[in-house]
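Visitor: As input, take coords-v6.pdb (PDB, C-alpha atoms):
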```
ATOM      1  CA  MET Q   1       0.000   0.000   0.000
ATOM      2  CA  LYS Q   2       2.867   2.402   0.797
ATOM      3  CA  LYS Q   3       4.459   1.752  -2.610
ATOM      4  CA  LEU Q   4       1.200   2.457  -4.407
ATOM      5  CA  LEU Q   5       0.740   5.669  -2.450
ATOM      6  CA  SER Q   6       4.317   6.719  -3.253
ATOM      7  CA  VAL Q   7       3.804   6.110  -6.971
ATOM      8  CA  LEU Q   8       0.541   8.055  -6.889
ATOM      9  CA  ILE Q   9       2.153  11.030  -5.143
ATOM     10  CA  CYS Q  10       5.055  11.004  -7.630
ATOM     11  CA  ALA Q  11       2.620  10.984 -10.556
ATOM     12  CA  ILE Q  12       0.686  13.923  -9.091
ATOM     13  CA  MET Q  13       3.909  15.885  -8.615
ATOM     14  CA  LEU Q  14       4.959  15.196 -12.222
ATOM     15  CA  PHE Q  15       1.593  16.370 -13.526
ATOM     16  CA  ALA Q  16       1.878  19.523 -11.426
ATOM     17  CA  LEU Q  17       5.287  20.284 -12.959
ATOM     18  CA  ALA Q  18       4.520  19.290 -16.536
ATOM     19  CA  LEU Q  19       1.177  20.994 -17.126
ATOM     20  CA  PRO Q  20       2.293  24.632 -16.700
ATOM     21  CA  ALA Q  21       5.480  24.019 -18.656
ATOM     22  CA  PHE Q  22       3.611  22.836 -21.741
ATOM     23  CA  ALA Q  23       0.435  24.846 -21.534
ATOM     24  CA  GLU Q  24       1.030  26.595 -24.859
ATOM     25  CA  GLY Q  25       2.366  23.834 -27.138
ATOM     26  CA  THR Q  26       4.931  22.792 -29.643
ATOM     27  CA  VAL Q  27       6.149  25.053 -32.447
ATOM     28  CA  THR Q  28       6.783  23.072 -35.627
ATOM     29  CA  ARG Q  29       7.965  25.884 -37.894
ATOM     30  CA  MET Q  30      10.870  28.046 -36.836
ATOM     31  CA  GLU Q  31      11.538  31.031 -39.078
ATOM     32  CA  ALA Q  32      14.338  33.576 -38.736
ATOM     33  CA  THR Q  33      15.894  36.308 -40.839
ATOM     34  CA  VAL Q  34      19.494  37.464 -40.861
ATOM     35  CA  THR Q  35      21.642  39.688 -43.049
ATOM     36  CA  LEU Q  36      24.403  37.363 -44.201
ATOM     37  CA  PRO Q  37      27.843  38.970 -43.826
ATOM     38  CA  LYS Q  38      29.756  39.326 -47.097
ATOM     39  CA  ALA Q  39      33.462  39.385 -47.857
ATOM     40  CA  GLY Q  40      35.128  42.280 -46.041
ATOM     41  CA  ASP Q  41      32.447  42.602 -43.341
ATOM     42  CA  THR Q  42      33.318  42.191 -39.674
ATOM     43  CA  TYR Q  43      32.102  38.912 -38.184
ATOM     44  CA  ARG Q  44      29.941  39.096 -35.050
ATOM     45  CA  ASN Q  45      29.014  35.978 -33.083
ATOM     46  CA  ALA Q  46      26.017  35.438 -30.791
ATOM     47  CA  VAL Q  47      23.808  37.837 -32.757
ATOM     48  CA  LYS Q  48      20.132  37.525 -31.880
ATOM     49  CA  LEU Q  49      18.013  37.126 -35.006
ATOM     50  CA  GLU Q  50      14.529  38.324 -35.850
ATOM     51  CA  THR Q  51      12.054  35.459 -35.665
ATOM     52  CA  ALA Q  52       8.517  35.088 -36.982
ATOM     53  CA  GLU Q  53       7.123  34.346 -33.496
ATOM     54  CA  PRO Q  54       9.469  35.873 -30.886
ATOM     55  CA  GLU Q  55       7.013  35.090 -28.089
ATOM     56  CA  LYS Q  56       7.435  31.362 -28.829
ATOM     57  CA  TYR Q  57      11.123  30.951 -29.770
ATOM     58  CA  SER Q  58      14.339  32.854 -30.329
ATOM     59  CA  ALA Q  59      17.343  32.308 -32.581
ATOM     60  CA  VAL Q  60      20.985  33.280 -32.226
ATOM     61  CA  THR Q  61      24.106  32.813 -34.372
ATOM     62  CA  ASP Q  62      26.617  30.372 -32.967
ATOM     63  CA  GLY Q  63      29.871  30.215 -34.897
ATOM     64  CA  MET Q  64      31.153  30.572 -38.448
ATOM     65  CA  TRP Q  65      33.989  28.750 -40.200
ATOM     66  CA  TYR Q  66      35.447  27.841 -43.579
ATOM     67  CA  TYR Q  67      37.976  25.338 -44.838
ATOM     68  CA  GLY Q  68      41.479  26.610 -45.575
ATOM     69  CA  SER Q  69      43.711  25.493 -48.441
ATOM     70  CA  ASP Q  70      45.215  22.831 -46.157
ATOM     71  CA  GLY Q  71      41.742  21.271 -45.662
ATOM     72  CA  TYR Q  72      41.465  22.260 -41.999
ATOM     73  CA  ALA Q  73      38.574  24.266 -40.626
ATOM     74  CA  VAL Q  74      39.315  27.898 -39.787
ATOM     75  CA  THR Q  75      36.939  29.223 -37.120
ATOM     76  CA  LEU Q  76      36.184  32.934 -37.249
ATOM     77  CA  LYS Q  77      36.390  34.832 -34.006
ATOM     78  CA  ASP Q  78      34.276  37.820 -33.056
ATOM     79  CA  GLY Q  79      35.767  40.823 -34.871
ATOM     80  CA  ASP Q  80      37.494  38.848 -37.687
ATOM     81  CA  ILE Q  81      37.045  40.000 -41.265
ATOM     82  CA  ILE Q  82      34.954  37.721 -43.507
ATOM     83  CA  PRO Q  83      37.319  36.307 -46.183
ATOM     84  CA  ALA Q  84      36.625  36.690 -49.905
ATOM     85  CA  GLY Q  85      35.969  33.735 -52.189
ATOM     86  CA  LYS Q  86      35.150  31.247 -49.430
ATOM     87  CA  SER Q  87      32.228  28.982 -48.735
ATOM     88  CA  VAL Q  88      31.496  29.719 -45.096
ATOM     89  CA  TYR Q  89      29.435  27.583 -42.759
ATOM     90  CA  PHE Q  90      27.526  29.043 -39.867
ATOM     91  CA  ARG Q  91      25.225  27.799 -37.144
ATOM     92  CA  ILE Q  92      21.923  29.141 -35.868
ATOM     93  CA  MET Q  93      20.512  27.841 -32.596
ATOM     94  CA  PHE Q  94      16.771  27.976 -31.912
ATOM     95  CA  THR Q  95      15.552  28.081 -28.311
ATOM     96  CA  ALA Q  96      11.969  27.757 -27.087
ATOM     97  CA  GLU Q  97      10.553  30.466 -24.861
ATOM     98  CA  GLN Q  98       8.832  29.659 -21.565
ATOM     99  CA  GLY Q  99       5.749  27.499 -22.116
ATOM    100  CA  TYR Q 100       6.754  26.235 -25.565
ATOM    101  CA  THR Q 101       8.798  23.435 -27.066
ATOM    102  CA  ILE Q 102      10.440  23.272 -30.473
ATOM    103  CA  ALA Q 103       9.768  20.327 -32.762
ATOM    104  CA  LYS Q 104      13.036  18.647 -33.636
ATOM    105  CA  HIS Q 105      13.854  18.322 -37.311
ATOM    106  CA  GLY Q 106      13.318  14.550 -37.121
ATOM    107  CA  ASN Q 107       9.846  15.041 -35.611
ATOM    108  CA  GLY Q 108       8.334  17.390 -38.182
ATOM    109  CA  GLY Q 109      10.202  20.588 -37.339
ATOM    110  CA  VAL Q 110      10.693  22.900 -40.327
ATOM    111  CA  TYR Q 111      13.535  25.410 -40.124
ATOM    112  CA  VAL Q 112      13.367  28.467 -42.413
ATOM    113  CA  LEU Q 113      16.082  31.096 -42.798
ATOM    114  CA  ASN Q 114      15.535  34.133 -45.044
ATOM    115  CA  GLY Q 115      12.620  32.392 -46.756
ATOM    116  CA  LYS Q 116      14.604  29.229 -47.538
ATOM    117  CA  VAL Q 117      14.084  25.808 -45.955
ATOM    118  CA  ILE Q 118      17.363  24.747 -44.375
ATOM    119  CA  ASP Q 119      17.829  21.004 -44.054
ATOM    120  CA  LEU Q 120      21.398  20.915 -42.757
ATOM    121  CA  TYR Q 121      21.093  20.382 -39.030
ATOM    122  CA  TYR Q 122      23.295  20.556 -35.981
ATOM    123  CA  GLY Q 123      21.806  18.757 -33.029
ATOM    124  CA  ASP Q 124      18.049  18.709 -32.717
ATOM    125  CA  THR Q 125      17.101  22.391 -32.905
ATOM    126  CA  ALA Q 126      19.905  24.118 -34.801
ATOM    127  CA  ILE Q 127      20.702  24.571 -38.470
ATOM    128  CA  GLN Q 128      24.061  24.766 -40.185
ATOM    129  CA  PRO Q 129      23.793  26.272 -43.693
ATOM    130  CA  ASN Q 130      26.611  27.586 -45.855
ATOM    131  CA  TYR Q 131      26.987  30.234 -48.563
ATOM    132  CA  LEU Q 132      29.644  31.979 -50.674
ATOM    133  CA  THR Q 133      31.036  35.172 -49.166
ATOM    134  CA  ASP Q 134      31.247  36.940 -52.545
ATOM    135  CA  SER Q 135      27.471  36.694 -53.073
ATOM    136  CA  PRO Q 136      25.868  36.297 -49.633
ATOM    137  CA  ASN Q 137      22.577  34.527 -50.291
ATOM    138  CA  LEU Q 138      21.011  31.146 -49.692
ATOM    139  CA  ASP Q 139      20.022  30.424 -53.320
ATOM    140  CA  LYS Q 140      21.142  26.804 -53.147
ATOM    141  CA  TYR Q 141      18.363  26.041 -50.629
ATOM    142  CA  ARG Q 142      14.743  25.614 -51.665
ATOM    143  CA  ASP Q 143      12.023  28.203 -51.174
ATOM    144  CA  VAL Q 144       9.279  27.653 -48.617
ATOM    145  CA  THR Q 145       6.277  25.826 -50.077
ATOM    146  CA  PRO Q 146       2.734  25.364 -48.699
ATOM    147  CA  GLU Q 147       3.760  21.871 -47.528
ATOM    148  CA  ASP Q 148       6.363  23.491 -45.241
ATOM    149  CA  THR Q 149       3.799  25.403 -43.215
ATOM    150  CA  GLY Q 150       4.183  23.440 -39.999
ATOM    151  CA  LYS Q 151       1.290  23.521 -37.570
ATOM    152  CA  ASN Q 152       1.299  24.652 -33.988
ATOM    153  CA  ASN Q 153       0.078  22.460 -31.192
ATOM    154  CA  ASP Q 154      -3.110  24.513 -30.921
ATOM    155  CA  ASP Q 155      -4.955  22.558 -33.643
ATOM    156  CA  GLU Q 156      -4.332  18.943 -34.590
ATOM    157  CA  GLN Q 157      -1.139  18.094 -32.772
ATOM    158  CA  GLN Q 158      -2.204  18.054 -29.134
ATOM    159  CA  MET Q 159       0.255  16.128 -26.975
ATOM    160  CA  ASN Q 160      -0.964  13.907 -24.202
ATOM    161  CA  ILE Q 161       0.497  14.319 -20.731
ATOM    162  CA  PHE Q 162       3.113  11.590 -21.183
ATOM    163  CA  GLN Q 163       4.357  13.171 -24.415
ATOM    164  CA  ARG Q 164       4.588  16.501 -22.622
ATOM    165  CA  ILE Q 165       6.604  14.988 -19.783
ATOM    166  CA  ALA Q 166       8.937  13.274 -22.264
ATOM    167  CA  ALA Q 167       9.345  16.514 -24.249
ATOM    168  CA  PHE Q 168      10.042  18.432 -21.042
ATOM    169  CA  PHE Q 169      12.893  16.144 -20.005
ATOM    170  CA  SER Q 170      14.164  15.933 -23.577
ATOM    171  CA  GLY Q 171      14.327  19.735 -23.646
ATOM    172  CA  ILE Q 172      16.282  19.826 -20.396
ATOM    173  CA  VAL Q 173      18.771  17.255 -21.694
ATOM    174  CA  GLU Q 174      19.124  19.221 -24.970
ATOM    175  CA  LYS Q 175      19.816  22.485 -23.090
ATOM    176  CA  ILE Q 176      22.444  20.764 -20.935
ATOM    177  CA  ARG Q 177      24.057  19.243 -24.052
ATOM    178  CA  LEU Q 178      24.151  22.627 -25.806
ATOM    179  CA  PHE Q 179      25.621  24.284 -22.712
ATOM    180  CA  ILE Q 180      28.367  21.666 -22.413
ATOM    181  CA  THR Q 181      29.242  21.769 -26.120
ATOM    182  CA  GLY Q 182      29.419  25.573 -25.872
ATOM    183  CA  LEU Q 183      32.167  25.275 -23.258
ATOM    184  CA  PHE Q 184      34.595  23.758 -25.743
ATOM    185  CA  PRO Q 185      36.107  25.584 -28.729
ATOM    186  CA  LYS Q 186      34.615  24.834 -32.135
ATOM    187  CA  VAL Q 187      36.969  23.370 -34.670
TER     188      VAL Q 187
END
```
Before anything else, please render the file you have as structure tokens.

Guide:
Amino acid sequence: MKKLLSVLICAIMLFALALPAFAEGTVTRMEATVTLPKAGDTYRNAVKLETAEPEKYSAVTDGMWYYGSDGYAVTLKDGDIIPAGKSVYFRIMFTAEQGYTIAKHGNGGVYVLNGKVIDLYYGDTAIQPNYLTDSPNLDKYRDVTPEDTGKNNDDEQQMNIFQRIAAFFSGIVEKIRLFITGLFPKV
């Protein structure tokens, strides 16, 4: 009887924690805009981007690099000048605001940057596109189509309580992983 009571109390406590955290829902389409730096511009890291729904999620730049003539990656530091004639790679991290979760790319999440669907991912909620510094645009990626709309949790994609609990802990683990990987230099 004591074990049953303990399990019941634990379940009630989990429900009490999980319900407020996921009251709003899951965002399945993350959209951001950024002015891509061109050759000769000064590189700035950790720039907050404009997003389509800033109350639900935010986006920030997180590193830029290119491959040198020796084949090794050259990571740009804040204040470096963007080199000419290079294909640079950069990373954009998406983070859910309080009360929301972000659909991972493997679970129906659609990531759009400057009107282009980006399908090069880093982790579960970050993208890693590349472009040429001489003509800073994302033309090699496809335009957004009606199929890429993504739906919010408000309509058809209601999560049950167990899915919310799983998403909550998954989000915590993802934030810890991103924090730890941010401690080490990017190569």

Visitor: Which one is closest to Thr26 (chain Q): Q:Gly123, Q:Gly99, Q:Gly182, Q:Gly85? Count all atoms listed in the file.

Guide: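 Residue with the minimum atom-to-atom distance to Thr26 (chain Q): Q:Gly99.
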
Visitor: How many Å lie between CA of Asp80 (chain Q) and CA of Tyr57 (chain Q), rounded to one decimal?

Guide: 28.6 Å

Visitor: Quick one: everything within 6 Å of Met93 (chain Q), counting only C-alpha atoms, minus sequence neighbours fewer than 2 positions away in the same chain. Send it as a PyMOL selection string.

Guide: chain Q and resi 59-60+126

Visitor: Write out as a list of chain:residue names which residues come within 12 Å of Lys175 (chain Q) when counting all atoms listed in the file, dropping same-chain ones fewer than 5 positions away.

Guide: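 Near neighbours after the sequence-gap exclusion: Q:Met93, Q:Phe94, Q:Thr95, Q:Ala96, Q:Thr101, Q:Ile102, Q:Gly123, Q:Asp124, Q:Thr125, Q:Ala126, Q:Phe168, Q:Phe169, Q:Ser170, Q:Ile180, Q:Thr181, Q:Gly182.
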
Visitor: Near region 132-140 of chain Q, counting only C-alpha atoms, which residues have an atom at most 12 Å away, once you skip same-chain residues fewer than 3 positions from it, shown as a PyMOL selection string?

Guide: chain Q and resi 33-41+43+64-66+81-90+112-120+128-129+143

Visitor: Would you mind exporting the chosen residues as a PDB file, in the frame of the given file, restricted to C-alpha atoms?

Guide:
```pdb
ATOM      1  CA  THR Q  33      15.894  36.308 -40.839  1.00  0.00           C
ATOM      2  CA  VAL Q  34      19.494  37.464 -40.861  1.00  0.00           C
ATOM      3  CA  THR Q  35      21.642  39.688 -43.049  1.00  0.00           C
ATOM      4  CA  LEU Q  36      24.403  37.363 -44.201  1.00  0.00           C
ATOM      5  CA  PRO Q  37      27.843  38.970 -43.826  1.00  0.00           C
ATOM      6  CA  LYS Q  38      29.756  39.326 -47.097  1.00  0.00           C
ATOM      7  CA  ALA Q  39      33.462  39.385 -47.857  1.00  0.00           C
ATOM      8  CA  GLY Q  40      35.128  42.280 -46.041  1.00  0.00           C
ATOM      9  CA  ASP Q  41      32.447  42.602 -43.341  1.00  0.00           C
ATOM     10  CA  TYR Q  43      32.102  38.912 -38.184  1.00  0.00           C
ATOM     11  CA  MET Q  64      31.153  30.572 -38.448  1.00  0.00           C
ATOM     12  CA  TRP Q  65      33.989  28.750 -40.200  1.00  0.00           C
ATOM     13  CA  TYR Q  66      35.447  27.841 -43.579  1.00  0.00           C
ATOM     14  CA  ILE Q  81      37.045  40.000 -41.265  1.00  0.00           C
ATOM     15  CA  ILE Q  82      34.954  37.721 -43.507  1.00  0.00           C
ATOM     16  CA  PRO Q  83      37.319  36.307 -46.183  1.00  0.00           C
ATOM     17  CA  ALA Q  84      36.625  36.690 -49.905  1.00  0.00           C
ATOM     18  CA  GLY Q  85      35.969  33.735 -52.189  1.00  0.00           C
ATOM     19  CA  LYS Q  86      35.150  31.247 -49.430  1.00  0.00           C
ATOM     20  CA  SER Q  87      32.228  28.982 -48.735  1.00  0.00           C
ATOM     21  CA  VAL Q  88      31.496  29.719 -45.096  1.00  0.00           C
ATOM     22  CA  TYR Q  89      29.435  27.583 -42.759  1.00  0.00           C
ATOM     23  CA  PHE Q  90      27.526  29.043 -39.867  1.00  0.00           C
ATOM     24  CA  VAL Q 112      13.367  28.467 -42.413  1.00  0.00           C
ATOM     25  CA  LEU Q 113      16.082  31.096 -42.798  1.00  0.00           C
ATOM     26  CA  ASN Q 114      15.535  34.133 -45.044  1.00  0.00           C
ATOM     27  CA  GLY Q 115      12.620  32.392 -46.756  1.00  0.00           C
ATOM     28  CA  LYS Q 116      14.604  29.229 -47.538  1.00  0.00           C
ATOM     29  CA  VAL Q 117      14.084  25.808 -45.955  1.00  0.00           C
ATOM     30  CA  ILE Q 118      17.363  24.747 -44.375  1.00  0.00           C
ATOM     31  CA  ASP Q 119      17.829  21.004 -44.054  1.00  0.00           C
ATOM     32  CA  LEU Q 120      21.398  20.915 -42.757  1.00  0.00           C
ATOM     33  CA  GLN Q 128      24.061  24.766 -40.185  1.00  0.00           C
ATOM     34  CA  PRO Q 129      23.793  26.272 -43.693  1.00  0.00           C
ATOM     35  CA  ASP Q 143      12.023  28.203 -51.174  1.00  0.00           C
TER      36      ASP Q 143
END
```

Visitor: Please identify all polymer residues within 9 Å of Asp78 (chain Q), counting only C-alpha atoms, omitting same-chain residues fewer than 3 positions from it, and present them as a ChimeraX atom specification.

Guide: /Q:42-46,63,81

Visitor: Would you please work out which residue, of Q:Arg91, Q:Phe179, Q:Lys2, Q:Val173, is nearest to Asn130 (chain Q) when using all atoms listed in the file?

Guide: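 Checking each candidate against Asn130 (chain Q), we get Q:Arg91 as the closest.
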
Visitor: Tell me, in Å to one decimal, how far CA of Asp148 (chain Q) is from CA of Gln98 (chain Q).

Guide: 24.6 Å

Visitor: State, in Å with one decimal place, the distance from CA of Arg177 (chain Q) to CA of Gly79 (chain Q).

Guide: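 Rounded to one decimal, the two atoms are 26.8 Å apart.
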
Visitor: Point out the residue among Q:Lys3, Q:Arg142, Q:Thr28, Q:Ala52 with the least atom-to-atom distance to Gly106 (chain Q), counting all atoms listed in the file.

Guide: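 Ranked by minimum distance to Gly106 (chain Q), first place goes to Q:Thr28.
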